[in-house]
$ cat coords-v7.txt   # compact mmCIF, C-alpha atoms
# COMPACT_ATOMS: atom_id res chain seq x y z
CA MET A 6 90.34 90.57 79.54
CA ALA A 7 92.29 93.28 77.77
CA TYR A 8 96.07 93.24 78.05
CA GLU A 9 96.11 96.63 79.83
CA GLU A 10 93.42 95.61 82.30
CA LYS A 11 95.33 92.46 83.27
CA PHE A 12 98.40 94.43 84.38
CA MET A 13 96.37 97.25 85.92
CA LYS A 14 94.63 94.67 88.13
CA LYS A 15 98.08 93.63 89.37
CA ALA A 16 98.93 97.28 90.11
CA LEU A 17 95.64 97.69 91.97
CA ALA A 18 96.33 94.57 94.07
CA LEU A 19 99.69 96.08 95.04
CA ALA A 20 97.98 99.37 95.91
CA LYS A 21 95.69 97.44 98.26
CA ARG A 22 98.79 96.02 99.99
CA ALA A 23 100.07 99.55 100.51
CA TYR A 24 96.70 100.54 101.97
CA GLU A 25 96.96 97.68 104.49
CA LEU A 26 100.34 99.09 105.60
CA ASP A 27 98.87 102.59 106.02
CA GLU A 28 100.71 103.82 102.93
CA VAL A 29 99.13 105.95 100.21
CA PRO A 30 97.65 103.14 98.09
CA VAL A 31 99.66 103.14 94.88
CA GLY A 32 100.90 100.07 93.05
CA ALA A 33 103.12 99.88 89.96
CA VAL A 34 103.92 97.07 87.54
CA LEU A 35 106.65 97.28 84.88
CA VAL A 36 106.17 95.09 81.82
CA LEU A 37 108.61 94.26 79.03
CA ASP A 38 107.71 92.04 76.10
CA GLY A 39 104.44 91.09 77.79
CA LYS A 40 106.11 89.91 81.01
CA VAL A 41 106.26 91.56 84.43
CA ILE A 42 109.88 92.51 85.13
CA ALA A 43 109.30 94.46 88.35
CA SER A 44 106.52 95.60 90.65
CA ALA A 45 106.20 97.62 93.83
CA TYR A 46 103.88 99.61 96.04
CA ASN A 47 104.40 102.79 98.06
CA LYS A 48 106.73 102.37 101.04
CA ARG A 49 107.39 105.94 102.18
CA GLU A 50 106.11 105.42 105.71
CA VAL A 51 107.66 101.99 106.17
CA SER A 52 111.08 103.08 104.88
CA GLN A 53 110.92 106.73 105.97
CA ASP A 54 112.14 107.58 102.46
CA ALA A 55 110.37 110.40 100.60
CA THR A 56 111.36 108.86 97.25
CA ALA A 57 109.90 105.40 97.98
CA HIS A 58 107.00 105.80 95.58
CA ALA A 59 105.74 102.66 93.82
CA GLU A 60 106.93 103.84 90.41
CA VAL A 61 110.45 104.70 91.57
CA LEU A 62 110.81 101.41 93.45
CA ALA A 63 109.62 99.39 90.43
CA ILE A 64 111.98 101.30 88.11
CA LYS A 65 114.94 100.66 90.45
CA LYS A 66 114.14 96.93 90.58
CA ALA A 67 113.83 96.71 86.78
CA CYS A 68 117.08 98.59 86.18
CA LYS A 69 118.90 96.30 88.57
CA LYS A 70 117.37 93.19 87.02
CA LEU A 71 118.22 94.26 83.46
CA GLY A 72 121.58 95.86 84.30
CA ASP A 73 120.64 99.04 82.45
CA PHE A 74 118.95 102.30 83.37
CA ARG A 75 117.31 102.41 79.95
CA LEU A 76 114.03 100.51 80.07
CA LEU A 77 113.44 100.78 76.33
CA GLY A 78 110.16 99.24 75.23
CA ALA A 79 108.88 98.92 78.80
CA GLU A 80 105.35 99.75 79.88
CA LEU A 81 104.41 100.99 83.34
CA TYR A 82 101.01 100.28 84.86
CA VAL A 83 100.27 102.38 87.92
CA SER A 84 97.08 102.72 89.95
CA LEU A 85 97.43 106.50 90.40
CA GLU A 86 98.74 109.03 87.90
CA PRO A 87 102.48 109.53 88.49
CA CYS A 88 103.59 112.65 90.36
CA VAL A 89 106.24 115.04 89.05
CA MET A 90 109.10 113.12 90.71
CA CYS A 91 107.93 109.79 89.31
CA THR A 92 107.36 111.31 85.88
CA GLY A 93 110.99 112.44 85.92
CA ALA A 94 112.09 108.89 86.74
CA ILE A 95 109.86 107.54 83.95
CA LEU A 96 111.42 109.91 81.43
CA ASN A 97 114.97 109.27 82.62
CA SER A 98 114.52 105.51 82.39
CA ARG A 99 113.10 105.81 78.86
CA ILE A 100 109.88 103.93 79.58
CA GLU A 101 107.84 103.77 76.38
CA LYS A 102 104.26 103.80 77.73
CA VAL A 103 102.50 104.63 80.99
CA TYR A 104 98.99 103.44 81.79
CA TYR A 105 97.38 104.75 84.96
CA GLY A 106 94.09 104.33 86.80
CA ALA A 107 93.00 107.35 88.85
CA SER A 108 94.00 110.92 88.04
CA ILE A 109 95.81 113.17 90.49
CA THR A 110 93.29 115.71 91.77
CA ASN A 111 95.46 117.79 94.10
CA GLY A 112 96.12 120.59 91.61
CA SER A 113 99.66 119.58 90.71
CA ILE A 114 100.90 119.39 87.12
CA SER A 115 99.67 116.24 85.42
CA CYS A 116 101.94 113.50 84.14
CA GLU A 117 100.61 114.00 80.61
CA GLU A 118 101.19 117.76 80.79
CA LEU A 119 104.79 117.29 81.90
CA ILE A 120 105.62 114.53 79.41
CA SER A 121 104.21 116.54 76.49
CA ARG A 122 106.78 119.32 76.97
CA ALA A 123 108.49 119.95 73.62
CA GLU A 124 111.93 120.51 75.15
CA LEU A 125 112.19 116.97 76.52
CA ASN A 126 114.50 114.60 74.65
CA HIS A 127 112.42 111.48 75.34
CA LYS A 128 108.74 111.01 74.62
CA THR A 129 106.59 108.60 76.59
CA GLN A 130 103.03 107.74 75.69
CA VAL A 131 100.55 108.20 78.53
CA GLU A 132 97.02 106.90 78.81
CA GLY A 133 94.82 107.18 81.88
CA GLY A 134 91.54 105.85 83.13
CA PHE A 135 92.21 102.09 83.36
CA LEU A 136 90.08 100.68 86.21
CA LYS A 137 89.58 104.33 87.10
CA ASP A 138 86.63 103.82 89.43
CA GLU A 139 88.30 101.08 91.47
CA CYS A 140 91.58 103.00 91.70
CA SER A 141 89.84 106.27 92.62
CA LYS A 142 87.69 104.59 95.25
CA LEU A 143 90.76 103.08 96.95
CA VAL A 144 92.63 106.40 97.12
CA SER A 145 89.52 108.28 98.28
CA SER A 146 88.85 105.71 100.97
CA TYR A 147 92.41 105.98 102.24
CA PHE A 148 92.34 109.77 102.57
CA LYS A 149 88.81 109.75 104.03
CA GLN A 150 90.07 107.37 106.73
CA LYS A 151 93.11 109.60 107.36
CA ARG A 152 90.92 112.69 107.83
CA LYS A 153 88.60 110.73 110.14
CA ASN A 154 91.55 109.83 112.39
CA LEU A 155 92.77 113.42 112.79
$ encode --input "coords-v7.txt" --output "structure tokens"
Amino acid sequence: MAYEEKFMKKALALAKRAYELDEVPVGAVLVLDGKVIASAYNKREVSQDATAHAEVLAIKKACKKLGDFRLLGAELYVSLEPCVMCTGAILNSRIEKVYYGASITNGSISCEELISRAELNHKTQVEGGFLKDECSKLVSSYFKQKRKNL
């Protein structure tokens, strides 16, 4: 199993936990030197906190654990492409690489588009499509169920 797939599977398992809690199913795993240093899943509904996205929660845990807001050399594996808020947190924490599963399809600016802006002082590498079908299916299933219950 490829290195990236191993950590993306962990992110997907966390996304499934979020789904079970009726949260948008997103999971995130932060890796440094080949080891998981933090992980999280969406908890906006549970915490009633608009910023409780999986990526932000994982970044907060990692910063606390390392005692530094700079996560130099870290890689983030996330089941869904990071939103604009999460992309800002990724850039501010100096994460080196982001790997994501499913792409955002709601018409908002993409993570890659935002990160590629020339005026930014930090550059993060972004690569999407890891376990894309599984990640997409989970998100689609969640929103299909939500629409059904309206």
$ residues_around --input "coords-v7.txt" --residues "A:Tyr105" --least-positions-apart "6" --cutoff "7 Å" --atoms "only C-alpha atoms" --output "PyMOL selection string"
chain A and resi 82-86+132-135
$ write_last_selection --input "coords-v7.txt" --atoms "C-alpha atoms" --output "PDB file, in the frame of the given file"
ATOM      1  CA  TYR A  82     101.010 100.280  84.860  1.00  0.00           C
ATOM      2  CA  VAL A  83     100.270 102.380  87.920  1.00  0.00           C
ATOM      3  CA  SER A  84      97.080 102.720  89.950  1.00  0.00           C
ATOM      4  CA  LEU A  85      97.430 106.500  90.400  1.00  0.00           C
ATOM      5  CA  GLU A  86      98.740 109.030  87.900  1.00  0.00           C
ATOM      6  CA  GLU A 132      97.020 106.900  78.810  1.00  0.00           C
ATOM      7  CA  GLY A 133      94.820 107.180  81.880  1.00  0.00           C
ATOM      8  CA  GLY A 134      91.540 105.850  83.130  1.00  0.00           C
ATOM      9  CA  PHE A 135      92.210 102.090  83.360  1.00  0.00           C
TER      10      PHE A 135
END
$ residues_around --input "coords-v7.txt" --residues "A:Leu136" --least-positions-apart "3" --cutoff "8 Å" --atoms "all atoms listed in the file" --output "list in words"
Glu10, Met13, Lys14, Gly106, Ala107, Glu139 and Cys140 of chain A
$ closest_residue --input "coords-v7.txt" --among "A:Met90, A:Ala16, A:Val103, A:Ala7" --to "A:Ala55" --atoms "only C-alpha atoms"
A:Met90
$ atom_distance --input "coords-v7.txt" --atom1 "atom CA of A:Ile42" --atom2 "atom CA of A:Ser108"
24.5 Å
$ closest_residue --input "coords-v7.txt" --among "A:Ala123, A:Ala63, A:Val144, A:Leu19" --to "A:Glu80" --atoms "all atoms listed in the file"
A:Ala63
$ atom_distance --input "coords-v7.txt" --atom1 "atom CA of A:Leu76" --atom2 "atom CA of A:Ser98"
5.5 Å
$ closest_residue --input "coords-v7.txt" --among "A:Ala67, A:Leu62, A:Leu125, A:Ala23" --to "A:Val41" --atoms "all atoms listed in the file"
A:Ala67
$ residues_around --input "coords-v7.txt" --residues "A:Lys128" --least-positions-apart "4" --cutoff "12 Å" --atoms "only C-alpha atoms" --output "CSV table (one decimal) with C-alpha atoms, keeping the file's coordinate frame"
chain,number,residue,atom,x,y,z
A,77,LEU,CA,113.4,100.8,76.3
A,78,GLY,CA,110.2,99.2,75.2
A,92,THR,CA,107.4,111.3,85.9
A,93,GLY,CA,111.0,112.4,85.9
A,95,ILE,CA,109.9,107.5,84.0
A,96,LEU,CA,111.4,109.9,81.4
A,97,ASN,CA,115.0,109.3,82.6
A,98,SER,CA,114.5,105.5,82.4
A,99,ARG,CA,113.1,105.8,78.9
A,100,ILE,CA,109.9,103.9,79.6
A,101,GLU,CA,107.8,103.8,76.4
A,102,LYS,CA,104.3,103.8,77.7
A,103,VAL,CA,102.5,104.6,81.0
A,116,CYS,CA,101.9,113.5,84.1
A,117,GLU,CA,100.6,114.0,80.6
A,118,GLU,CA,101.2,117.8,80.8
A,119,LEU,CA,104.8,117.3,81.9
A,120,ILE,CA,105.6,114.5,79.4
A,121,SER,CA,104.2,116.5,76.5
A,122,ARG,CA,106.8,119.3,77.0
A,123,ALA,CA,108.5,120.0,73.6
A,124,GLU,CA,111.9,120.5,75.2
$ residues_near_point --input "coords-v7.txt" --point "(97.1, 116.9, 96.7)" --cutoff "12 Å" --atoms "all atoms listed in the file" --output "JSON, numbers by chain"
{"A": [29, 86, 88, 108, 109, 110, 111, 112, 113, 114, 115, 144, 145, 148]}
$ residues_around --input "coords-v7.txt" --residues "A:Glu60" --least-positions-apart "2" --cutoff "9 Å" --atoms "all atoms listed in the file" --output "VMD selection string"
chain A and resid 31 to 35 44 to 47 57 to 58 62 to 65 81 to 83 87 91 to 92 94 to 95
$ atom_distance --input "coords-v7.txt" --atom1 "atom CA of A:Glu9" --atom2 "atom CA of A:Ser141"
17.2 Å
